[in-house]
Structure formats: structure tokens, C-alpha cells
>>> print(open('start33.txt').read())   # compact mmCIF, C-alpha atoms
# COMPACT_ATOMS: atom_id res chain seq x y z
CA MET A 1 -14.84 28.97 141.86
CA MET A 2 -13.42 30.21 145.14
CA LYS A 3 -12.44 27.46 147.54
CA LYS A 4 -14.47 27.06 150.70
CA PHE A 5 -12.89 29.33 153.26
CA LYS A 6 -11.44 27.85 156.37
CA ARG A 7 -10.07 30.50 158.68
CA ILE A 8 -6.54 29.82 159.82
CA VAL A 9 -3.93 31.82 161.62
CA LEU A 10 -0.94 32.72 159.48
CA THR A 11 1.62 29.96 159.42
CA LEU A 12 4.65 30.09 161.66
CA SER A 13 6.92 30.80 158.70
CA VAL A 14 4.90 33.85 157.71
CA LEU A 15 4.90 35.07 161.29
CA VAL A 16 8.67 34.70 161.36
CA LEU A 17 8.91 36.72 158.14
CA ILE A 18 6.70 39.46 159.56
CA GLY A 19 8.80 39.36 162.71
CA ILE A 20 11.87 40.04 160.61
CA LEU A 21 10.14 42.93 158.89
CA ALA A 22 8.87 44.25 162.21
CA GLY A 23 12.29 44.93 163.66
CA CYS A 24 13.21 48.52 164.40
CA ALA A 25 16.56 48.10 162.69
CA LEU A 26 19.44 50.36 163.57
CA ALA A 27 22.41 51.21 161.39
CA PRO A 28 26.00 50.74 162.51
CA LYS A 29 27.67 53.68 164.22
CA ILE A 30 28.69 56.32 161.71
CA SER A 31 32.17 57.80 161.87
CA LYS A 32 31.29 61.51 161.89
CA PRO A 33 27.70 62.09 162.97
CA THR A 34 26.38 65.44 161.80
CA VAL A 35 23.43 65.36 164.19
CA ASN A 36 23.23 64.26 167.81
CA GLN A 37 22.65 60.62 166.91
CA THR A 38 24.99 57.72 166.24
CA HIS A 39 22.33 55.33 165.00
CA TYR A 40 19.68 56.09 162.40
CA ALA A 41 16.38 54.52 163.39
CA LEU A 42 14.08 52.86 160.86
CA GLY A 43 10.89 51.34 162.26
CA LEU A 44 8.42 50.62 159.46
CA ARG A 45 6.55 47.35 160.02
CA PRO A 46 4.98 46.56 156.64
CA MET A 47 1.64 44.88 156.22
CA PRO A 48 2.09 41.68 154.16
CA LYS A 49 1.95 42.46 150.45
CA ALA A 50 -0.53 39.65 149.84
CA PHE A 51 -2.94 41.22 152.29
CA LEU A 52 -2.61 44.75 150.90
CA ASN A 53 -3.01 43.53 147.33
CA TRP A 54 -6.13 41.62 148.27
CA TRP A 55 -7.54 44.40 150.46
CA PHE A 56 -7.23 47.21 147.92
CA GLY A 57 -8.41 44.89 145.18
CA GLN A 58 -11.79 44.91 146.93
CA ILE A 59 -12.08 48.69 147.22
CA PRO A 60 -13.74 50.46 144.26
CA LYS A 61 -11.45 52.70 142.27
CA PHE A 62 -11.94 56.47 142.54
CA ASN A 63 -13.06 58.11 139.31
CA LEU A 64 -12.67 61.77 138.42
CA ASP A 65 -16.41 62.20 137.86
CA GLY A 66 -17.05 61.23 141.49
CA THR A 67 -18.34 57.73 140.72
CA SER A 68 -16.82 54.43 141.72
CA ASP A 69 -16.13 51.27 139.78
CA VAL A 70 -18.20 48.70 141.69
CA LYS A 71 -18.53 46.08 138.96
CA ASN A 72 -17.35 42.57 139.74
CA LYS A 73 -16.31 43.43 143.28
CA LYS A 74 -16.44 40.55 145.73
CA PRO A 75 -18.05 41.11 149.12
CA VAL A 76 -15.40 41.68 151.76
CA GLY A 77 -15.78 39.48 154.82
CA LEU A 78 -14.28 41.53 157.64
CA ILE A 79 -14.45 41.48 161.40
CA GLY A 80 -14.33 44.11 164.12
CA PRO A 81 -13.65 47.71 163.08
CA THR A 82 -12.08 46.85 159.74
CA ASP A 83 -15.18 47.95 157.80
CA ASP A 84 -14.50 51.40 159.25
CA ILE A 85 -10.95 51.27 157.91
CA ARG A 86 -12.22 50.44 154.44
CA SER A 87 -14.58 53.43 154.47
CA THR A 88 -11.67 55.83 155.01
CA GLN A 89 -9.60 54.61 152.04
CA HIS A 90 -10.08 55.50 148.37
CA VAL A 91 -7.92 54.02 145.63
CA LEU A 92 -6.58 56.61 143.20
CA ASN A 93 -5.83 55.08 139.82
CA GLN A 94 -5.63 57.99 137.38
CA PRO A 95 -4.09 61.48 137.21
CA VAL A 96 -6.07 64.15 139.05
CA SER A 97 -4.45 67.16 137.37
CA SER A 98 -2.84 67.94 134.03
CA ASN A 99 -0.14 70.32 132.81
CA LEU A 100 2.46 68.60 134.95
CA PRO A 101 5.86 70.36 134.80
CA THR A 102 9.09 68.49 134.12
CA ASP A 103 10.29 69.29 137.65
CA PHE A 104 8.38 70.16 140.79
CA ASN A 105 9.20 70.32 144.49
CA LEU A 106 6.67 71.14 147.22
CA LYS A 107 9.51 72.62 149.26
CA ASP A 108 10.03 75.37 146.68
CA TYR A 109 6.49 76.60 147.30
CA GLY A 110 6.43 76.28 151.08
CA LEU A 111 4.00 73.36 150.82
CA VAL A 112 5.87 70.95 153.08
CA THR A 113 6.88 71.57 156.69
CA PRO A 114 10.52 71.67 157.86
CA VAL A 115 12.63 68.52 158.18
CA LYS A 116 12.16 66.89 161.58
CA TYR A 117 14.23 64.53 163.69
CA GLN A 118 12.91 61.20 164.98
CA GLY A 119 15.92 60.46 167.18
CA TYR A 120 16.58 56.87 168.20
CA ASN A 121 12.96 55.74 168.12
CA GLY A 122 11.49 53.56 165.38
CA THR A 123 8.81 56.14 164.61
CA CYS A 124 9.52 56.90 160.94
CA TRP A 125 5.97 55.81 160.10
CA ALA A 126 4.53 58.42 162.49
CA PHE A 127 6.75 61.17 161.04
CA SER A 128 5.81 60.21 157.49
CA THR A 129 2.11 60.15 158.37
CA VAL A 130 2.14 63.50 160.17
CA GLY A 131 4.35 65.10 157.51
CA SER A 132 1.90 64.05 154.81
CA LEU A 133 -0.99 65.49 156.84
CA GLU A 134 0.80 68.82 157.38
CA SER A 135 1.61 69.08 153.67
CA ALA A 136 -1.97 68.14 152.70
CA MET A 137 -3.23 71.01 154.85
CA LEU A 138 -0.93 73.50 153.10
CA VAL A 139 -1.71 72.25 149.58
CA GLN A 140 -5.44 71.65 149.90
CA LEU A 141 -6.50 74.33 152.39
CA GLY A 142 -3.76 76.94 152.16
CA PRO A 143 -2.75 79.21 155.05
CA SER A 144 -6.02 81.15 154.99
CA GLY A 145 -8.08 77.97 154.93
CA ILE A 146 -6.03 76.52 157.78
CA GLN A 147 -6.51 79.68 159.85
CA SER A 148 -10.25 79.69 159.18
CA ARG A 149 -10.80 76.01 159.92
CA TYR A 150 -8.25 75.63 162.72
CA PRO A 151 -7.83 79.03 164.46
CA PHE A 152 -5.87 77.39 167.30
CA ILE A 153 -2.88 76.81 164.95
CA ALA A 154 -0.38 79.57 165.70
CA ASN A 155 1.42 79.49 162.34
CA SER A 156 -0.89 78.61 159.48
CA ASN A 157 2.05 78.79 157.06
CA SER A 158 3.71 75.85 158.80
CA PRO A 159 1.35 73.71 160.92
CA ASP A 160 3.22 71.61 163.49
CA LEU A 161 1.38 68.47 164.61
CA SER A 162 2.26 65.75 167.11
CA GLU A 163 4.23 62.69 165.99
CA GLN A 164 4.29 61.60 169.65
CA PHE A 165 0.49 61.29 169.70
CA VAL A 166 0.42 59.28 166.46
CA ALA A 167 3.25 57.00 167.63
CA TYR A 168 1.53 56.39 170.97
CA ASN A 169 -1.57 55.03 169.18
CA ASP A 170 0.23 52.24 167.34
CA ALA A 171 -1.46 48.99 166.30
CA ASP A 172 -0.63 45.37 167.11
CA TRP A 173 -2.34 43.24 164.49
CA ASP A 174 -3.07 39.73 163.25
CA ILE A 175 -4.39 38.50 159.94
CA SER A 176 -6.73 35.58 159.47
CA CYS A 177 -7.05 33.95 156.09
CA GLY A 178 -8.90 31.27 154.20
CA GLY A 179 -7.75 29.40 151.13
CA ASP A 180 -5.20 31.46 149.24
CA GLU A 181 -6.49 34.91 150.22
CA PRO A 182 -6.45 36.89 153.48
CA GLN A 183 -9.98 37.41 154.75
CA SER A 184 -9.89 39.59 157.85
CA ILE A 185 -7.74 41.52 160.27
CA SER A 186 -8.04 42.13 163.96
CA TYR A 187 -5.95 44.53 165.98
CA GLN A 188 -5.53 46.18 169.30
CA GLU A 189 -3.74 49.40 170.12
CA THR A 190 -0.35 49.50 171.77
CA ASN A 191 2.14 52.22 172.62
CA LYS A 192 5.16 49.94 172.24
CA ASP A 193 7.98 51.40 170.14
CA ASP A 194 7.97 48.43 167.81
CA GLY A 195 7.44 50.05 164.41
CA GLY A 196 4.18 50.87 162.67
CA ASN A 197 2.64 51.24 159.23
CA GLN A 198 0.55 53.62 157.16
CA PHE A 199 -2.39 51.25 156.81
CA PHE A 200 -3.38 51.88 160.42
CA SER A 201 -1.85 55.32 161.00
CA PHE A 202 -3.77 56.96 158.14
CA TYR A 203 -6.97 55.34 159.36
CA ASP A 204 -6.26 56.85 162.77
CA LEU A 205 -5.90 60.31 161.18
CA VAL A 206 -9.55 60.09 160.14
CA ARG A 207 -10.82 58.24 163.19
CA ARG A 208 -8.93 60.05 165.94
CA GLY A 209 -7.16 63.07 164.49
CA VAL A 210 -3.85 64.62 165.54
CA PRO A 211 -3.31 67.42 168.10
CA LEU A 212 -0.63 70.09 168.05
CA GLU A 213 3.05 69.43 168.67
CA SER A 214 2.81 71.79 171.64
CA ASP A 215 0.11 69.53 173.13
CA PHE A 216 2.28 66.39 172.82
CA PRO A 217 5.95 67.28 172.21
CA TYR A 218 8.08 64.58 170.63
CA LYS A 219 10.64 62.77 172.82
CA GLU A 220 13.81 61.88 170.90
CA THR A 221 15.33 59.63 173.56
CA SER A 222 15.11 55.93 172.75
CA GLN A 223 12.53 54.13 174.85
CA PRO A 224 10.73 50.77 174.67
CA TRP A 225 7.36 52.47 175.07
CA ILE A 226 6.01 55.73 173.63
CA VAL A 227 4.89 57.79 176.63
CA TRP A 228 1.68 59.73 177.08
CA ASP A 229 2.72 63.23 178.06
CA ALA A 230 -0.10 65.69 177.37
CA GLN A 231 1.05 69.22 178.18
CA THR A 232 -2.44 70.67 178.51
CA GLY A 233 -6.00 69.53 179.03
CA THR A 234 -7.12 71.35 175.89
CA TRP A 235 -5.60 68.91 173.38
CA PRO A 236 -8.99 67.27 172.54
CA TYR A 237 -10.05 70.66 171.12
CA HIS A 238 -7.00 70.84 168.86
CA LEU A 239 -7.54 67.76 166.70
CA ILE A 240 -6.91 67.85 162.95
CA LYS A 241 -8.98 65.22 161.12
CA PRO A 242 -8.93 64.75 157.33
CA SER A 243 -11.98 63.34 155.57
CA PHE A 244 -10.36 60.22 154.10
CA THR A 245 -7.12 58.88 152.59
CA PHE A 246 -6.17 58.53 148.93
CA VAL A 247 -4.12 55.39 148.28
CA ILE A 248 -2.05 54.68 145.17
CA GLU A 249 -1.34 51.00 144.68
CA SER A 250 2.14 49.58 144.17
CA ALA A 251 3.46 49.68 140.60
CA SER A 252 3.11 45.90 140.24
CA GLN A 253 -0.60 46.14 141.13
CA PHE A 254 -1.11 49.29 139.05
CA SER A 255 0.38 47.62 135.98
CA GLU A 256 -2.41 45.04 136.01
CA PHE A 257 -4.97 47.63 134.91
CA SER A 258 -3.04 50.57 133.46
CA ASP A 259 0.18 51.72 131.79
CA TYR A 260 3.48 53.21 132.95
CA THR A 261 2.77 56.82 131.98
CA THR A 262 -0.58 56.79 133.75
CA TYR A 263 1.07 55.47 136.90
CA ILE A 264 3.83 58.11 136.93
CA ASN A 265 1.37 60.92 136.20
CA THR A 266 -1.02 59.67 138.87
CA VAL A 267 1.76 59.91 141.45
CA LYS A 268 2.95 63.30 140.21
CA SER A 269 -0.52 64.82 140.08
CA ALA A 270 -1.35 63.51 143.56
CA ILE A 271 1.71 65.32 144.94
CA LYS A 272 0.79 68.54 143.16
CA LYS A 273 -2.92 68.51 144.03
CA TYR A 274 -3.03 66.83 147.45
CA GLY A 275 0.43 67.17 149.04
CA ALA A 276 3.40 65.03 150.07
CA LEU A 277 2.82 61.28 149.82
CA SER A 278 3.82 58.86 152.57
CA VAL A 279 5.91 56.16 150.88
CA THR A 280 8.05 53.15 151.78
CA ILE A 281 11.53 51.93 150.90
CA ALA A 282 13.80 49.05 151.86
CA VAL A 283 16.99 50.46 153.41
CA TYR A 284 20.48 49.06 152.75
CA SER A 285 23.66 49.84 154.65
CA ASP A 286 25.02 52.34 152.13
CA PHE A 287 21.85 54.43 152.30
CA PHE A 288 22.88 55.90 155.66
CA GLU A 289 25.79 57.78 154.06
CA ASN A 290 23.46 59.41 151.52
CA SER A 291 24.72 62.85 150.49
CA GLY A 292 21.66 63.90 148.51
CA PHE A 293 21.44 61.35 145.70
CA TYR A 294 21.00 57.60 146.06
CA PRO A 295 21.39 55.52 142.87
CA GLY A 296 20.59 52.28 144.67
CA PRO A 297 22.47 49.80 146.88
CA SER A 298 25.87 48.48 145.92
CA SER A 299 26.45 44.77 145.41
CA THR A 300 27.92 44.51 148.92
CA ALA A 301 25.28 46.58 150.74
CA ILE A 302 23.36 44.80 153.51
CA PHE A 303 19.58 45.02 153.98
CA LYS A 304 18.75 46.85 157.22
CA GLY A 305 14.98 47.15 157.34
CA TYR A 306 12.08 49.24 156.04
CA HIS A 307 11.61 52.98 156.29
CA ALA A 308 8.72 55.41 155.75
CA ILE A 309 9.51 58.81 154.24
CA LEU A 310 7.80 61.58 152.25
CA LEU A 311 7.63 61.99 148.47
CA VAL A 312 7.63 65.73 147.77
CA GLY A 313 8.47 66.14 144.08
CA TRP A 314 10.24 65.00 140.94
CA ASP A 315 12.75 65.97 138.24
CA ASP A 316 12.40 64.32 134.83
CA ASP A 317 16.05 64.85 133.85
CA TRP A 318 18.38 64.77 136.85
CA THR A 319 22.10 65.24 136.38
CA TYR A 320 24.50 64.52 139.21
CA ASN A 321 28.31 64.83 139.09
CA GLY A 322 28.18 65.11 135.30
CA GLN A 323 26.10 61.96 134.84
CA ASP A 324 22.51 62.00 133.60
CA TYR A 325 20.32 59.76 135.76
CA GLY A 326 17.06 60.56 134.00
CA PRO A 327 13.83 60.93 135.98
CA VAL A 328 14.11 60.98 139.78
CA TRP A 329 11.82 61.44 142.75
CA ILE A 330 12.59 64.00 145.46
CA LEU A 331 12.11 62.71 149.00
CA LYS A 332 12.20 64.08 152.54
CA ASN A 333 13.56 62.13 155.53
CA SER A 334 13.07 62.45 159.30
CA TRP A 335 16.73 62.21 160.38
CA GLY A 336 17.40 65.93 160.76
CA THR A 337 18.99 68.43 158.37
CA GLY A 338 22.49 67.00 158.89
CA TRP A 339 21.63 63.93 156.79
CA GLY A 340 21.47 63.92 152.98
CA ASP A 341 20.92 67.29 151.30
CA GLN A 342 19.61 69.11 154.39
CA GLY A 343 17.28 66.20 155.04
CA TYR A 344 16.26 65.60 151.39
CA TRP A 345 17.53 63.33 148.63
CA ARG A 346 16.77 62.17 145.10
CA GLN A 347 16.61 58.66 143.71
CA PRO A 348 15.64 57.09 140.36
CA MET A 349 12.03 56.40 139.42
CA VAL A 350 10.84 52.95 138.47
CA THR A 351 11.70 52.18 134.84
CA PRO A 352 9.16 51.14 132.17
CA SER A 353 10.70 47.65 132.02
CA GLU A 354 10.47 47.22 135.78
CA PHE A 355 6.88 48.45 135.72
CA ASN A 356 5.82 46.17 132.88
CA SER A 357 7.52 43.11 134.37
CA GLY A 358 6.24 43.77 137.89
CA LYS A 359 9.78 43.25 139.22
CA ILE A 360 10.20 46.40 141.27
CA LEU A 361 13.43 46.89 143.22
CA ASP A 362 12.55 47.10 146.90
CA TRP A 363 14.54 50.31 147.52
CA LYS A 364 12.34 52.14 145.00
CA ILE A 365 9.14 53.75 146.26
CA ALA A 366 7.11 52.19 143.43
CA GLY A 367 7.41 48.83 145.16
CA ASP A 368 4.81 49.71 147.78
CA TYR A 369 1.62 51.70 148.36
CA MET A 370 1.46 55.50 148.73
CA TRP A 371 -0.81 57.50 151.04
CA VAL A 372 -2.06 61.09 151.37
CA PRO A 373 -4.95 62.59 153.39
CA TYR A 374 -7.83 64.45 151.78
CA PHE A 375 -9.91 67.29 153.24
CA ASN A 376 -13.46 67.83 152.03
CA LYS A 377 -13.99 71.49 151.22
>>> encode(input="start33.txt", output="C-alpha cells")
Amino acid sequence: MMKKFKRIVLTLSVLVLIGILAGCALAPKISKPTVNQTHYALGLRPMPKAFLNWWFGQIPKFNLDGTSDVKNKKPVGLIGPTDDIRSTQHVLNQPVSSNLPTDFNLKDYGLVTPVKYQGYNGTCWAFSTVGSLESAMLVQLGPSGIQSRYPFIANSNSPDLSEQFVAYNDADWDISCGGDEPQSISYQETNKDDGGNQFFSFYDLVRRGVPLESDFPYKETSQPWIVWDAQTGTWPYHLIKPSFTFVIESASQFSEFSDYTTYINTVKSAIKKYGALSVTIAVYSDFFENSGFYPGPSSTAIFKGYHAILLVGWDDDWTYNGQDYGPVWILKNSWGTGWGDQGYWRQPMVTPSEFNSGKILDWKIAGDYMWVPYFNK
């Protein structure tokens, strides 16, 4: 029997924790910068795990036959526009394609746009969101479909959308809760460069859309506020809006209703069928010197903050410097081509034991939710 709800504001300790997560952490100065930047910006401000787990636990799962699992779902008591957010999110909990190869990389097929550069700003979340949208267009619509649906895009083989616009429409949010479970969220928009998250940014893709990069060029210089700098008055006619967002739950949540292989194949098939996934990692100090493969933080590495990047592929048997590391994910960053392997890197997948125990290392992408836009045909 659920306890009688009494709405309370999150306790001071939780707010302090969120404040720690909210920081746009910067790495120490590197000795030989390969791009015009001496600090790598992070900037992801995660939603509390308890809230996300509760929220997506209320949303019916997406089934391949087009139906939804609505049995035993509790009514969701929400305030303000949060019902609208829920309507744009569909939980994906099973593979959506078969015949998955042992290695696959969207980059090899021209299905992900070039590596970009976020500069000093904590806008990784905006770059990850826009990069996922651009890839989704290429995978789901193809160049001919892009040209037909969006004739104002100059290069349908590589759509270039505005991270500046997405970053400007950030969200400042609060969570109310009752008993042991969060019950509602309220938020207002802000253009402060204070980090963001995919929960709101992917909702904004559907609600507001994204104009062209040429309409709102990105400004690399560090600034406390993201500026509004529309280049033309025609930007409202250049908005790309997907239909909704597919969300894959964290491995610890996924393991409550399914098995390891189903989880891995759900992620793989989503990449192949829908495009690059926006994912999250915890960043440690030794990650900044990444040369193209990251096996995880050393025992002396220091936690620096959270970062949003793109998941673009996988390799089920990755060998590096003569050592076999087994299955790895292939990821794309937003720190320019001078970082990592021309802006990309590989890192190990979650292991079966980690998945089954629910103890996911925070630097692995399986520890958090994954997001990708969907376009109705």
C-alpha cells in the first residue's frame, strides 16, 4: 500500500548532491594541447537517478507490434507541462532489428556528422543531443528523404544543426516528491551556461525543433550565458522536429525485466536502425589524455564530472596493443579532432556480471539512460 503522499521539496543534502553534479567541471591544463583549448569542458547536469527510474517506470514499454504494455501502470501525478514531456518519450526494451554484425560503426557509412568542438562552454549535452538528431536524420530518412522533407538544408549528406540554439533553451528544474518516490517536476527555461541534460533537451527537439547552424552559429568562447544571436529572420522556417524520442533504460533498470543479451542487442539495433545514441559517462582525470581507447580510470584518477557523448557503434572483439579487450563500444566526442582518435574512442561494454548485479561502473555508458530521436515516415 503506497504511503499517503506529502509533497516536499528535496532535502538540502540532495540539493547539495545535485549541485555537485551540476558543476561544469574543467580539467587541469594539458601540457601539449592539440586543439585551441587548454581546458576540456564537461557540463552534463544529470537528473537524479531515483527520479529517472521512477519516471520511466511509469511509461509503457514500446513493443514491436506497435502496442504498449499498460498493465499494472500507476497513474502519474504530474504538474505543469510534464505530461507533454511524457508523451514524447517511448521506452525501448527489445531489439528492433536482427542480423547484427560483430562490428559496426555509423561513421563508416557516413551516418554520423563530423566531429565538432564545444570549446570552453559546458554544452556537451547540446552537442550530444544535436549530434544524435543529425545522425537520426541520415539513418532514418537518408539524404533523399532529408532533401525532400527539408529542402532548405544545403547538404543533405551532412545536415548541420545549431547547438547554440539548443544550449540557449536550457532548463532550470526542481523535483517535488512524496513518500519514497518523486512525484512531479517543474522547470523554467534559462540560457545560463550551467550544464544541461537529455531529459529536457530531447523533449525540446520535439516541442521546439532545431534550426540550421547557419541560423545560429556556435560560439566557442567561454561565457556565463549562452547568447541569442540569430543571423537571419528566416530561422523559424528552418526547424527540424522529430516525432518522439526512444529511450533505453540504464542496465540496472533493464536487468529487472530482461537479460544481458537482450540489453546489448537492444542498444546495438537502436544504433543501426535509428542512429547515434546520446549517452552519459562519469569522467575521471585520466580520461582527458585518451588516445583512442579508454580501459577505465586508474586507481589514482580523480572524478571530474559528467559528460554527454554519442554512441556510434561497437566491436565484439577489440584488440589494442596486442591485448584482447573483448567487446567495446565506439563513441564520438565534441572536443575536436585533436582529441582521442580524431575525436573518437573505444571503451569496454558492461560485463554480464555487472549487468546481473546491477553494479555498473559510472564511467561505462550502461550506467545511465540512452536517447535517440525518431521520425515518423
>>> atom_distance(input="start33.txt", atom1="CA of Pro48 (chain A)", atom2="CA of Val91 (chain A)")
18.0 Å
>>> atom_distance(input="start33.txt", atom1="CA of Gly322 (chain A)", atom2="CA of Thr337 (chain A)")
25.1 Å
>>> closest_residue(input="start33.txt", among="A:Asp83, A:Asp160, A:Glu249, A:Asp172", to="Asp368 (chain A)", atoms="only C-alpha atoms")
A:Glu249
>>> closest_atom_pairs(input="start33.txt", of="region 293-376 of chain A", to="region 128-143 of chain A", cutoff="8 Å", atoms="all atoms listed in the file", output="tab-separated table")
residue	atom	partner	partner_atom	distance
A:Ala308	CA	A:Ser128	CA	5.9
A:Ile309	CA	A:Ser128	CA	5.1
A:Leu310	CA	A:Ser128	CA	5.8
A:Ser334	CA	A:Ser128	CA	7.8
A:Val372	CA	A:Ser132	CA	6.0
A:Pro373	CA	A:Leu133	CA	6.0
A:Tyr374	CA	A:Ala136	CA	7.0
A:Phe375	CA	A:Gln140	CA	7.1
>>> residues_near_point(input="start33.txt", point="(-0.1, 56.4, 155.7)", cutoff="7 Å", atoms="all atoms listed in the file", output="PyMOL selection string")
chain A and resi 129+197-199+201-202+278+371-372
>>> residues_around(input="start33.txt", residues="Ser252 (chain A)", least_positions_apart="6", cutoff="10 Å", atoms="all atoms listed in the file", output="PyMOL selection string")
chain A and resi 53+354-360+366-368
>>> atom_distance(input="start33.txt", atom1="CA of Tyr325 (chain A)", atom2="CA of Val247 (chain A)")
27.8 Å
>>> closest_residue(input="start33.txt", among="A:Leu239, A:Val328, A:Ala171, A:Val112", to="Met47 (chain A)", atoms="all atoms listed in the file")
A:Ala171
>>> residues_near_point(input="start33.txt", point="(1.9, 52.4, 167.5)", cutoff="12 Å", atoms="all atoms listed in the file", output="PyMOL selection string")
chain A and resi 22+43-45+121-127+129+163-173+187-202+204+224-227
>>> build_atoms(input="start33.txt", residues="region 299-312 of chain A", atoms="N, CA and C atoms", output="PDB file, keeping the file's coordinate frame")
ATOM      1  N   SER A 299      26.546  46.239 145.378  1.00  0.00           N
ATOM      2  CA  SER A 299      26.450  44.770 145.410  1.00  0.00           C
ATOM      3  C   SER A 299      26.816  44.205 146.780  1.00  0.00           C
ATOM      4  N   THR A 300      27.521  44.989 147.598  1.00  0.00           N
ATOM      5  CA  THR A 300      27.920  44.510 148.920  1.00  0.00           C
ATOM      6  C   THR A 300      27.072  45.093 150.054  1.00  0.00           C
ATOM      7  N   ALA A 301      26.119  45.949 149.714  1.00  0.00           N
ATOM      8  CA  ALA A 301      25.280  46.580 150.740  1.00  0.00           C
ATOM      9  C   ALA A 301      24.393  45.537 151.417  1.00  0.00           C
ATOM     10  N   ILE A 302      24.120  45.748 152.691  1.00  0.00           N
ATOM     11  CA  ILE A 302      23.360  44.800 153.510  1.00  0.00           C
ATOM     12  C   ILE A 302      21.976  45.390 153.815  1.00  0.00           C
ATOM     13  N   PHE A 303      20.938  44.593 153.659  1.00  0.00           N
ATOM     14  CA  PHE A 303      19.580  45.020 153.980  1.00  0.00           C
ATOM     15  C   PHE A 303      19.460  45.294 155.475  1.00  0.00           C
ATOM     16  N   LYS A 304      18.863  46.444 155.824  1.00  0.00           N
ATOM     17  CA  LYS A 304      18.750  46.850 157.220  1.00  0.00           C
ATOM     18  C   LYS A 304      17.324  46.929 157.747  1.00  0.00           C
ATOM     19  N   GLY A 305      16.358  47.040 156.875  1.00  0.00           N
ATOM     20  CA  GLY A 305      14.980  47.150 157.340  1.00  0.00           C
ATOM     21  C   GLY A 305      14.183  48.050 156.413  1.00  0.00           C
ATOM     22  N   TYR A 306      12.972  48.412 156.857  1.00  0.00           N
ATOM     23  CA  TYR A 306      12.080  49.240 156.040  1.00  0.00           C
ATOM     24  C   TYR A 306      11.899  50.602 156.689  1.00  0.00           C
ATOM     25  N   HIS A 307      11.628  51.596 155.846  1.00  0.00           N
ATOM     26  CA  HIS A 307      11.610  52.980 156.290  1.00  0.00           C
ATOM     27  C   HIS A 307      10.479  53.721 155.579  1.00  0.00           C
ATOM     28  N   ALA A 308       9.769  54.563 156.318  1.00  0.00           N
ATOM     29  CA  ALA A 308       8.720  55.410 155.750  1.00  0.00           C
ATOM     30  C   ALA A 308       9.232  56.832 155.641  1.00  0.00           C
ATOM     31  N   ILE A 309       9.040  57.452 154.485  1.00  0.00           N
ATOM     32  CA  ILE A 309       9.510  58.810 154.240  1.00  0.00           C
ATOM     33  C   ILE A 309       8.431  59.562 153.460  1.00  0.00           C
ATOM     34  N   LEU A 310       8.763  60.756 152.984  1.00  0.00           N
ATOM     35  CA  LEU A 310       7.800  61.580 152.250  1.00  0.00           C
ATOM     36  C   LEU A 310       8.281  61.824 150.823  1.00  0.00           C
ATOM     37  N   LEU A 311       7.381  61.667 149.867  1.00  0.00           N
ATOM     38  CA  LEU A 311       7.630  61.990 148.470  1.00  0.00           C
ATOM     39  C   LEU A 311       7.110  63.398 148.207  1.00  0.00           C
ATOM     40  N   VAL A 312       8.013  64.326 147.860  1.00  0.00           N
ATOM     41  CA  VAL A 312       7.630  65.730 147.770  1.00  0.00           C
ATOM     42  C   VAL A 312       7.784  66.325 146.368  1.00  0.00           C
TER      43      VAL A 312
END
